[in-house]
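K.L.:
I'm passing along entry.txt; it holds compact mmCIF, C-alpha atoms.
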# COMPACT_ATOMS: atom_id res chain seq x y z
CA MET U 1 23.68 -14.71 -21.39
CA GLU U 2 22.73 -11.05 -21.37
CA LYS U 3 21.27 -11.34 -17.85
CA ASN U 4 24.42 -13.07 -16.57
CA ALA U 5 26.61 -10.43 -18.21
CA ARG U 6 24.57 -7.67 -16.58
CA LYS U 7 24.82 -9.39 -13.19
CA GLN U 8 28.59 -9.74 -13.58
CA HIS U 9 28.85 -6.06 -14.56
CA ASN U 10 26.83 -5.00 -11.50
CA THR U 11 29.08 -7.08 -9.25
CA SER U 12 32.22 -5.55 -10.78
CA LEU U 13 30.90 -2.05 -10.06
CA PHE U 14 31.09 -2.77 -6.34
CA GLY U 15 34.17 -5.00 -6.60
CA THR U 16 36.58 -2.48 -8.13
CA PRO U 17 39.64 -1.73 -5.97
CA THR U 18 39.19 2.00 -6.59
CA LEU U 19 35.85 1.95 -4.79
CA TRP U 20 37.26 0.19 -1.76
CA CYS U 21 40.22 2.56 -1.67
CA MET U 22 37.77 5.49 -1.73
CA LEU U 23 35.74 4.03 1.13
CA ALA U 24 38.90 3.29 3.12
CA LEU U 25 39.99 6.90 2.60
CA MET U 26 36.61 8.15 3.83
CA ALA U 27 36.72 5.87 6.87
CA PHE U 28 40.23 7.09 7.74
CA GLY U 29 39.08 10.66 7.20
CA TYR U 30 36.24 10.23 9.67
CA ILE U 31 38.65 8.78 12.24
CA LEU U 32 40.93 11.80 11.84
CA ILE U 33 38.10 14.34 11.98
CA HIS U 34 36.46 12.82 15.03
CA ASP U 35 39.85 12.58 16.73
CA LEU U 36 40.14 16.35 16.28
CA LEU U 37 36.61 16.75 17.58
CA GLY U 38 37.49 14.82 20.75
CA GLY U 39 37.18 11.14 19.86
CA THR U 40 33.47 11.33 19.04
CA LEU U 41 33.10 8.78 16.21
CA LEU U 42 31.54 6.14 18.49
CA ALA U 43 29.79 8.69 20.71
CA HIS U 44 26.09 9.53 20.75
CA SER U 45 25.10 12.99 19.58
CA PRO U 46 22.54 14.40 22.02
CA TRP U 47 20.77 16.23 19.15
CA ASP U 48 18.99 13.00 18.24
CA SER U 49 15.21 13.21 18.22
CA TYR U 50 14.91 10.07 16.10
CA THR U 51 16.35 7.70 18.69
CA LEU U 52 14.04 9.23 21.30
CA GLN U 53 11.09 8.69 18.95
CA ALA U 54 12.10 5.07 18.38
CA MET U 55 12.29 4.52 22.13
CA ALA U 56 8.83 6.07 22.51
CA TRP U 57 7.46 3.69 19.86
CA ARG U 58 8.86 0.79 21.84
CA ARG U 59 6.85 2.07 24.82
CA GLY U 60 3.74 2.24 22.61
CA SER U 61 3.66 6.05 22.56
CA LEU U 62 3.63 8.55 19.69
CA SER U 63 4.69 11.44 21.94
CA LEU U 64 8.01 11.66 23.78
CA GLY U 65 6.33 12.04 27.16
CA GLN U 66 8.50 14.98 28.26
CA ASN U 67 10.26 18.05 26.97
CA TYR U 68 13.87 18.04 25.79
CA PRO U 69 14.64 21.78 25.73
CA TRP U 70 17.68 21.47 23.43
CA LEU U 71 15.65 19.80 20.66
CA GLU U 72 13.11 21.21 18.20
CA LEU U 73 9.94 19.60 19.50
CA ALA U 74 6.36 20.22 18.44
CA ILE U 75 3.92 21.02 21.22
CA TYR U 76 0.35 19.89 20.57
CA GLU U 77 -2.40 19.53 23.15
CA GLY U 78 0.14 19.56 25.96
CA GLU U 79 2.27 16.73 24.52
CA TYR U 80 5.77 16.87 23.06
CA PHE U 81 6.34 15.34 19.61
CA VAL U 82 9.25 15.00 17.23
CA SER U 83 8.61 17.73 14.66
CA PHE U 84 10.22 15.93 11.73
CA PRO U 85 8.98 13.24 9.31
CA PRO U 86 9.32 9.73 10.75
CA PHE U 87 11.43 7.55 8.46
CA PRO U 88 14.82 8.21 10.15
CA SER U 89 13.25 6.92 13.38
CA VAL U 90 12.53 3.68 11.53
CA VAL U 91 16.23 3.50 10.63
CA MET U 92 17.27 4.11 14.24
CA LEU U 93 14.74 1.68 15.75
CA PRO U 94 16.80 -1.54 15.41
CA PHE U 95 19.85 0.19 16.92
CA THR U 96 17.87 1.00 20.06
CA PHE U 97 17.56 -2.71 20.82
CA LEU U 98 21.37 -2.90 20.97
CA PHE U 99 22.29 0.49 22.43
CA GLY U 100 19.11 1.89 24.01
CA GLU U 101 19.04 5.68 23.91
CA ASN U 102 22.80 5.93 23.33
CA THR U 103 22.88 4.86 19.70
CA PRO U 104 26.25 5.47 17.95
CA ASN U 105 24.59 7.96 15.62
CA ASN U 106 27.87 9.69 14.69
CA LEU U 107 29.14 6.41 13.27
CA ILE U 108 25.78 5.61 11.66
CA ILE U 109 25.61 8.89 9.74
CA ALA U 110 29.20 8.45 8.56
CA ILE U 111 28.35 4.98 7.22
CA ILE U 112 25.21 6.35 5.54
CA THR U 113 27.29 9.01 3.79
CA MET U 114 29.85 6.43 2.70
CA ALA U 115 27.02 4.31 1.29
CA ALA U 116 25.71 7.33 -0.65
CA ALA U 117 29.22 7.88 -2.04
CA ALA U 118 29.45 4.20 -3.05
CA LEU U 119 26.14 4.41 -4.92
CA ALA U 120 27.20 7.66 -6.60
CA PHE U 121 30.41 5.91 -7.68
CA ARG U 122 28.33 3.04 -9.07
CA CYS U 123 26.08 5.40 -11.03
CA LEU U 124 29.05 7.27 -12.51
CA ARG U 125 30.78 4.03 -13.47
CA ARG U 126 27.61 2.79 -15.14
CA THR U 127 27.68 5.71 -17.59
CA GLY U 128 31.22 4.82 -18.64
CA MET U 129 33.24 7.14 -16.38
CA GLN U 130 36.74 6.02 -15.45
CA ASP U 131 37.32 4.56 -11.99
CA THR U 132 39.42 7.40 -10.59
CA HIS U 133 37.07 10.05 -11.94
CA SER U 134 34.07 8.15 -10.56
CA ALA U 135 35.72 8.16 -7.13
CA LEU U 136 36.46 11.87 -7.43
CA GLY U 137 32.85 12.53 -8.42
CA ALA U 138 31.51 10.50 -5.50
CA LEU U 139 33.75 12.34 -3.04
CA PHE U 140 32.77 15.66 -4.62
CA PHE U 141 29.11 14.74 -4.29
CA THR U 142 29.38 13.97 -0.55
CA TRP U 143 32.50 15.50 0.98
CA GLY U 144 32.55 18.44 -1.42
CA SER U 145 29.17 19.60 -0.13
CA ASN U 146 27.54 20.58 3.14
CA MET U 147 27.13 16.84 3.71
CA MET U 148 30.79 16.80 4.79
CA TRP U 149 30.01 18.52 8.07
CA MET U 150 26.57 17.00 8.49
CA SER U 151 28.09 13.52 8.26
CA THR U 152 30.21 14.17 11.35
CA ASP U 153 27.22 14.59 13.68
CA GLY U 154 24.24 12.27 14.06
CA GLY U 155 21.91 15.09 15.10
CA VAL U 156 18.30 15.12 13.96
CA TRP U 157 18.67 17.72 11.20
CA PHE U 158 21.68 16.07 9.61
CA MET U 159 20.48 12.49 9.88
CA ALA U 160 17.35 13.37 7.91
CA GLN U 161 19.35 14.95 5.09
CA ALA U 162 21.93 12.14 5.00
CA ILE U 163 19.29 9.40 4.78
CA ASN U 164 17.40 11.45 2.21
CA MET U 165 20.53 11.71 0.05
CA LEU U 166 21.19 7.97 0.34
CA LEU U 167 17.62 7.07 -0.61
CA LEU U 168 17.52 9.41 -3.62
CA VAL U 169 20.84 8.12 -4.94
CA ALA U 170 19.57 4.57 -4.37
CA ALA U 171 16.50 5.48 -6.43
CA LEU U 172 18.77 6.82 -9.18
CA ASP U 173 20.83 3.64 -9.12
CA ALA U 174 17.68 1.48 -9.26
CA ALA U 175 16.30 3.50 -12.17
CA MET U 176 19.51 3.03 -14.14
CA ARG U 177 19.13 -0.72 -13.60
CA GLU U 178 15.48 -0.57 -14.74
CA ARG U 179 14.29 -1.59 -11.25
CA ARG U 180 11.09 0.41 -11.13
CA VAL U 181 9.56 -0.82 -7.90
CA PRO U 182 12.58 -0.08 -5.68
CA ALA U 183 13.21 3.23 -7.50
CA TYR U 184 9.75 4.52 -6.63
CA ALA U 185 9.91 2.98 -3.16
CA PHE U 186 13.18 4.74 -2.31
CA ILE U 187 11.72 8.12 -3.25
CA ALA U 188 8.59 7.43 -1.21
CA LEU U 189 10.75 6.65 1.83
CA ALA U 190 12.83 9.78 1.17
CA VAL U 191 9.67 11.89 1.51
CA GLY U 192 9.61 10.67 5.12
CA CYS U 193 12.97 12.40 5.58
CA ARG U 194 12.56 15.56 3.49
CA PRO U 195 9.03 16.11 2.15
CA PHE U 196 10.13 18.11 -0.90
CA SER U 197 11.79 14.96 -2.22
CA ALA U 198 8.33 14.13 -3.59
CA LEU U 199 9.31 16.37 -6.52
CA MET U 200 11.63 13.60 -7.72
CA PHE U 201 8.65 11.42 -8.61
CA PHE U 202 8.09 13.51 -11.74
CA PRO U 203 11.45 13.05 -13.50
CA LEU U 204 11.42 9.37 -12.46
CA PHE U 205 7.97 8.90 -13.97
CA LEU U 206 9.09 10.64 -17.16
CA TYR U 207 12.24 8.49 -17.35
CA PHE U 208 10.23 5.27 -17.35
CA TYR U 209 7.46 6.79 -19.48
CA ARG U 210 9.98 7.49 -22.24
CA ALA U 211 11.23 3.92 -22.01
CA ASP U 212 7.67 2.55 -22.32
CA HIS U 213 6.30 4.89 -24.97
CA MET U 214 5.63 3.38 -28.37
CA PRO U 215 4.74 5.37 -31.52
CA GLY U 216 1.01 6.02 -31.61
CA ALA U 217 0.46 4.98 -27.98
CA GLY U 218 -1.67 7.26 -25.81
CA PHE U 219 -0.49 8.96 -22.62
CA PHE U 220 -2.64 7.01 -20.16
CA GLY U 221 -1.98 3.67 -21.80
CA THR U 222 1.76 4.24 -21.54
CA ALA U 223 1.59 5.69 -18.03
CA LEU U 224 -0.41 2.77 -16.68
CA LYS U 225 2.39 0.40 -17.61
CA GLN U 226 4.03 1.63 -14.40
CA TRP U 227 1.05 0.88 -12.15
CA LYS U 228 2.76 -1.88 -10.15
CA ALA U 229 5.55 0.51 -9.22
CA PHE U 230 3.01 2.96 -7.75
CA LEU U 231 1.72 0.51 -5.12
CA ILE U 232 4.52 0.87 -2.58
CA PRO U 233 4.57 4.71 -2.73
CA ILE U 234 0.80 4.73 -2.21
CA ALA U 235 1.15 2.43 0.81
CA VAL U 236 4.02 4.50 2.23
CA ALA U 237 2.05 7.74 1.71
CA ALA U 238 -0.94 6.20 3.50
CA ALA U 239 1.30 5.24 6.43
CA TYR U 240 2.74 8.76 6.64
CA MET U 241 -0.74 10.30 6.54
CA TRP U 242 -2.02 7.95 9.25
CA TYR U 243 0.99 8.80 11.41
CA ASN U 244 0.44 12.53 10.93
CA TYR U 245 -3.27 12.26 11.70
CA ALA U 246 -2.65 10.16 14.80
CA ARG U 247 -0.33 12.83 16.19
CA PHE U 248 -1.71 16.13 14.91
CA ASP U 249 -5.22 15.42 13.58
CA SER U 250 -4.06 16.33 10.06
CA VAL U 251 -2.81 13.99 7.35
CA LEU U 252 -0.39 16.63 6.03
CA GLU U 253 1.10 17.84 9.31
CA PHE U 254 4.50 16.41 10.26
CA GLY U 255 4.77 18.75 13.24
CA HIS U 256 6.92 21.73 12.26
CA ASN U 257 3.97 24.12 12.33
CA TYR U 258 3.68 23.40 16.05
CA LEU U 259 7.23 24.42 16.87
CA PRO U 260 7.22 27.45 19.21
CA GLU U 261 9.50 29.25 16.72
CA PHE U 262 6.84 29.17 14.01
CA MET U 263 3.78 29.45 16.24
CA GLU U 264 5.15 32.75 17.55
CA SER U 265 6.18 34.01 14.10
CA GLU U 266 3.99 36.64 12.41
CA HIS U 267 3.83 34.70 9.13
CA GLY U 268 4.33 31.16 10.39
CA GLN U 269 6.58 28.50 8.89
CA PHE U 270 5.88 29.17 5.20
CA HIS U 271 5.06 32.51 3.65
CA ILE U 272 5.59 34.15 0.27
CA SER U 273 7.27 37.12 1.94
CA TYR U 274 10.29 34.95 2.78
CA ILE U 275 11.07 33.99 -0.83
CA LEU U 276 12.87 37.06 -2.16
CA THR U 277 15.12 37.49 0.87
CA ASN U 278 16.07 33.83 0.93
CA LEU U 279 16.66 33.73 -2.82
CA ARG U 280 18.87 36.80 -2.59
CA ASN U 281 20.90 35.14 0.16
CA LEU U 282 21.34 31.86 -1.73
CA LEU U 283 22.11 33.45 -5.09
CA LEU U 284 23.88 36.72 -4.34
CA ARG U 285 25.19 36.90 -0.77
CA PRO U 286 28.99 36.63 -1.18
CA VAL U 287 31.92 35.17 0.68
CA SER U 288 34.77 37.64 0.99
CA LEU U 289 38.35 37.94 2.24
CA GLU U 290 39.06 40.52 4.93
CA GLY U 291 42.19 42.63 5.03
CA ASP U 292 43.96 40.05 7.20
CA LEU U 293 42.90 37.30 4.72
CA SER U 294 40.33 35.87 7.11
CA LEU U 295 37.06 34.69 5.58
CA SER U 296 33.87 36.68 6.02
CA TYR U 297 30.61 34.76 5.57
CA THR U 298 27.39 33.98 7.33
CA PHE U 299 26.71 30.62 8.91
CA PHE U 300 22.95 31.13 9.12
CA ASP U 301 20.38 31.51 6.33
CA GLY U 302 22.92 30.98 3.63
CA PHE U 303 25.18 32.58 1.08
CA MET U 304 25.76 31.59 -2.54
CA PHE U 305 24.82 27.93 -2.37
CA PHE U 306 26.96 26.97 -5.38
CA VAL U 307 30.04 28.09 -3.44
CA ALA U 308 29.13 25.98 -0.43
CA ASN U 309 28.08 23.12 -2.73
CA PRO U 310 30.13 23.58 -5.93
CA PHE U 311 28.81 20.37 -7.49
CA PHE U 312 26.11 22.72 -8.74
CA LEU U 313 28.77 24.53 -10.79
CA ILE U 314 29.20 21.32 -12.78
CA LEU U 315 25.43 21.23 -13.20
CA PHE U 316 25.44 24.80 -14.53
CA GLY U 317 28.23 23.93 -16.96
CA ALA U 318 26.32 20.87 -18.20
CA VAL U 319 23.16 22.93 -18.72
CA ILE U 320 25.01 25.58 -20.71
CA GLY U 321 26.59 22.87 -22.85
CA ASP U 322 23.23 21.20 -23.47
CA ILE U 323 21.62 24.50 -24.47
CA ARG U 324 24.45 25.25 -26.90
CA LYS U 325 24.25 21.77 -28.41
CA LYS U 326 20.42 21.88 -28.54
CA ARG U 327 19.87 18.71 -26.53
CA MET U 328 17.57 20.04 -23.80
CA ASP U 329 15.06 17.20 -23.88
CA THR U 330 12.04 16.68 -21.62
CA LEU U 331 13.93 14.63 -19.03
CA ARG U 332 16.61 17.28 -18.58
CA CYS U 333 13.91 19.95 -18.30
CA ALA U 334 12.02 17.85 -15.73
CA LEU U 335 15.13 17.50 -13.56
CA LEU U 336 15.83 21.23 -13.75
CA LEU U 337 12.22 22.05 -12.96
CA ALA U 338 12.25 19.73 -9.94
CA MET U 339 15.38 21.46 -8.63
CA ALA U 340 13.97 24.94 -9.30
CA LEU U 341 10.73 24.11 -7.48
CA ASN U 342 12.70 22.58 -4.61
CA LEU U 343 14.77 25.76 -4.31
CA LEU U 344 11.65 27.95 -4.33
CA LEU U 345 9.97 25.80 -1.70
CA LEU U 346 13.09 25.98 0.47
CA CYS U 347 13.03 29.76 0.11
CA TRP U 348 9.33 29.79 1.00
CA HIS U 349 10.41 28.49 4.43
CA LYS U 350 11.16 31.01 7.17
CA THR U 351 14.79 29.92 7.54
CA LEU U 352 17.41 28.27 5.33
CA GLY U 353 19.02 26.32 8.15
CA GLY U 354 21.83 27.31 10.42
CA TRP U 355 25.51 26.54 10.79
CA GLN U 356 28.13 25.39 8.29
CA PHE U 357 27.48 28.09 5.71
CA GLY U 358 23.69 28.07 6.20
CA ALA U 359 23.09 26.48 2.80
CA ARG U 360 22.77 22.85 3.86
CA TYR U 361 19.12 22.58 2.76
CA THR U 362 20.28 22.84 -0.86
CA CYS U 363 22.03 19.46 -0.45
CA ASP U 364 18.56 17.99 -1.00
CA MET U 365 18.91 18.93 -4.69
CA LEU U 366 22.27 17.24 -5.19
CA PRO U 367 20.86 13.83 -6.26
CA ALA U 368 18.88 15.55 -9.03
CA ALA U 369 22.05 17.43 -10.07
CA LEU U 370 23.89 14.10 -10.17
CA ALA U 371 21.10 12.58 -12.28
CA TYR U 372 21.39 15.47 -14.74
CA PHE U 373 25.17 15.11 -14.95
CA LEU U 374 24.85 11.37 -15.64
CA LEU U 375 22.91 12.18 -18.81
CA GLN U 376 26.17 13.59 -20.22
CA ARG U 377 27.66 10.07 -20.23
CA ARG U 378 31.18 11.38 -19.80
CA SER U 379 34.31 9.26 -19.31
CA ALA U 380 36.13 11.88 -17.22
CA PHE U 381 35.74 15.24 -15.53
CA ARG U 382 37.21 18.28 -17.24
CA ARG U 383 40.18 20.01 -15.68
CA TRP U 384 38.15 22.88 -14.23
CA GLU U 385 35.67 20.40 -12.77
CA CYS U 386 38.49 18.58 -10.98
CA MET U 387 39.60 21.92 -9.54
CA ALA U 388 36.01 22.64 -8.43
CA ALA U 389 35.93 19.23 -6.73
CA ALA U 390 39.18 19.92 -4.88
CA PHE U 391 37.90 23.35 -3.83
CA GLY U 392 34.59 21.90 -2.62
CA ILE U 393 36.23 19.21 -0.51
CA LEU U 394 38.76 21.61 1.04
CA PHE U 395 36.17 24.31 1.71
CA ASN U 396 33.72 21.94 3.34
CA LEU U 397 36.43 20.25 5.38
CA TYR U 398 37.30 23.72 6.66
CA GLY U 399 33.60 24.33 7.34
CA ALA U 400 33.30 21.10 9.32
CA LEU U 401 36.23 22.05 11.54
CA ALA U 402 35.24 25.71 11.78
CA MET U 403 31.90 24.80 13.32
CA THR U 404 33.72 23.27 16.28
CA PHE U 405 36.87 25.34 16.67
CA LEU U 406 35.60 28.78 15.59
CA TYR U 407 31.86 28.76 16.32
CA GLY U 408 31.28 25.74 18.58
For this file, produce the structure as structure tokens.
P.N.:
Amino acid sequence: MEKNARKQHNTSLFGTPTLWCMLALMAFGYILIHDLLGGTLLAHSPWDSYTLQAMAWRRGSLSLGQNYPWLELAIYEGEYFVSFPPFPSVVMLPFTFLFGENTPNNLIIAIITMAAAALAFRCLRRTGMQDTHSALGALFFTWGSNMMWMSTDGGVWFMAQAINMLLLVAALDAAMRERRVPAYAFIALAVGCRPFSALMFFPLFLYFYRADHMPGAGFFGTALKQWKAFLIPIAVAAAYMWYNYARFDSVLEFGHNYLPEFMESEHGQFHISYILTNLRNLLLRPVSLEGDLSLSYTFFDGFMFFVANPFFLILFGAVIGDIRKKRMDTLRCALLLAMALNLLLLCWHKTLGGWQFGARYTCDMLPAALAYFLLQRRSAFRRWECMAAAFGILFNLYGALAMTFLYG
């Protein structure tokens, strides 16, 4: 009976009218936005390395065979390679059999973002949050962040972050349902989109470790209870390493180090000298109003990331509340540590990403922020959190349009 009740509950989470209204609203929103952008919803974004890679695989080649000057391609031993991890190419591969090189990647990335919102809604509902507040949280999580603009263009940079977000939220959803194998598998696949997603293995391991731990049991005995769940990540990691070695003669090289931008840089792609400048930009660089009430901000290498992605303000509020109430347990600390390390590793990189506020890399931490918020097990957002959600959605909708009409 308990299993049937759980199954019925899971079905109801996706069957609620509020969810379908939210998805219909998002679909209509994408139609309106792409109409403003020139009727591009069904168009193919030319910034799509992943479709080109999938087409190359179909030809039996790991390299693209030629240069595409408008794309970020790695150059190694005279060949041109996609300089990003490969999993999004796996996603695009089946679409190439229907559309060839002209995959409808703008539509695909919109659907991926809607799927991430649906899973976020499901996770929020599972903790007891009301339907309308769960929908608001899911919209805040996706449209109230840099993902708003990224989800309007199927270009290589944005597709990787969108699929990464979907996979990490799917892992969170699987973990909440005690589905260990898919939870670990989703994170392993996410590493093939954004390598720093590997940091999410640690809080996931701790989450299941706490569930398995019995009084008096040793660490290794408890940890090994998860061994079956490790098999798929090990296999996926082996596949990634083989792919890297086959292209660049290194199991750890996805290709970015062979971009001309970083080969010509004095310190290369990663260097400790980048950290302080990037941290200062992400934590302290402001957004201001000019005398004529126009906005002044950078769209490259970031400003205060919690303004561009104000879901992090809710995270900060939850952390302060947990500290005051003395409930900072190991799982909460592990999630915060994973986010802090992710932020430092992003700042270790030469750039923080360009366009739409220049803080889009920090979207990679949003699933961990959502996981932390879910530990609060709240039934509704507070009034100031609803205002933050409205601000985030409006600001990022402006950012999405500004990139075309002001800076395009």
K.L.:
Separation of CA of Val82 (chain U) and CA of Leu52 (chain U), in Å?
P.N.:
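Taking CA of Val82 (chain U) and CA of Leu52 (chain U), their separation equals 8.5 Å.
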K.L.:
Please determine an axis-aligned box that encloses all atoms of region 75-88 of chain U listed in the file, with 6 Å added on each side, and express its centre and edge lengths in Å to one decimal as JSON.
P.N.:
{"center_x": 6.2, "center_y": 14.3, "center_z": 17.2, "size_x": 29.2, "size_y": 25.5, "size_z": 29.5}
K.L.:
Between CA of Asp212 (chain U) and CA of Leu336 (chain U), what is the spacing in Å?
P.N.:
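According to the coordinates, CA of Leu336 (chain U) and CA of Asp212 (chain U) are separated by 22.1 Å.
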K.L.:
Please identify all polymer residues within 12 Å of Asp153 (chain U), counting only C-alpha atoms, omitting same-chain residues fewer than 6 positions from it, and present them as a PyMOL selection string.
P.N.:
chain U and resi 30+33-34+37+40-48+104-113+147+159-162+400-401+403-404
K.L.:
Could you name the residues that touch Tyr207 (chain U) at 10 Å or less, counting only C-alpha atoms, but leaving out those on the same chain fewer than 3 positions away, as JSON, numbers by chain?
P.N.:
{"U": [175, 176, 178, 201, 202, 203, 204, 210, 211, 212, 330, 331, 332, 334]}
K.L.:
What does the distance between CA of Val90 (chain U) and CA of Tyr361 (chain U) come to in Å, to one decimal place?
P.N.:
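Going from CA of Val90 (chain U) over to CA of Tyr361 (chain U) covers 21.9 Å.
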K.L.:
Go through U:Leu119, U:Leu62, U:Leu397, U:Met129 and flag the residue nearest Ala171 (chain U), using all atoms listed in the file for the distances.
P.N.:
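When distances to Ala171 (chain U) are compared using all atoms listed in the file, the smallest one comes from U:Leu119.
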K.L.:
For Phe158 (chain U), which residue among U:Phe220, U:Phe97, U:Trp355, U:Phe316 is the nearest when counting only C-alpha atoms?
P.N.:
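Ranking U:Phe220, U:Phe97, U:Trp355, U:Phe316 by distance to Phe158 (chain U), first place goes to U:Trp355.
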K.L.:
Out of U:Leu394, U:Leu406, U:Leu341, U:Leu374, which residue has the shortest atom-to-atom distance to Asp173 (chain U) when counting only C-alpha atoms?
P.N.:
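Result for the nearest residue to Asp173 (chain U): U:Leu374.
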K.L.:
From the set U:Tyr243, U:Phe270, U:Trp20, U:Tyr297, which residue has the shortest atom-to-atom contact distance to Trp57 (chain U), counting all atoms listed in the file?
P.N.:
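Closest to Trp57 (chain U) of all the choices is U:Tyr243.
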K.L.:
Any idea what's packed within 9 Å of Ala388 (chain U), counting only C-alpha atoms, ignoring anything in its chain fewer than 2 positions away? Could you give it as a PyMOL selection string?
P.N.:
chain U and resi 140+144+310-311+313-314+383-386+390-393
K.L.:
Find the residues near Ser63 (chain U): any atom within 12 Å, counting all atoms listed in the file, skip ones fewer than 6 places away on the same chain, and give them as a PyMOL selection string.
P.N.:
chain U and resi 49-50+52-57+73-83+243-244+246-248+255
K.L.:
Please determine, counting only C-alpha atoms, which residue among U:Leu32, U:Ala198, U:Met148, U:Met387 has the shortest atom-to-atom distance to Asn309 (chain U).
P.N.:
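Distance minimum relative to Asn309 (chain U) lands on U:Met148.
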K.L.:
Rank nothing, just name the residue among U:Asn278, U:Thr127, U:Ser134, U:Thr142 nearest to Lys350 (chain U), using all atoms listed in the file.
P.N.:
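Under the stated criterion, the closest residue is U:Asn278.
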K.L.:
Applying 8 Å and all atoms listed in the file, which residues near Thr18 (chain U) remain after dropping the ones on its own chain fewer than 3 positions away? List them as a PyMOL selection string.
P.N.:
chain U and resi 21-22+131-132+135
K.L.:
Mind writing the picked residues with C-alpha atoms as a PDB file, in the frame of the given file?
P.N.:
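Result saved to result_20.pdb:
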ATOM      1  CA  CYS U  21      40.220   2.560  -1.670  1.00  0.00           C
ATOM      2  CA  MET U  22      37.770   5.490  -1.730  1.00  0.00           C
ATOM      3  CA  ASP U 131      37.320   4.560 -11.990  1.00  0.00           C
ATOM      4  CA  THR U 132      39.420   7.400 -10.590  1.00  0.00           C
ATOM      5  CA  ALA U 135      35.720   8.160  -7.130  1.00  0.00           C
TER       6      ALA U 135
END
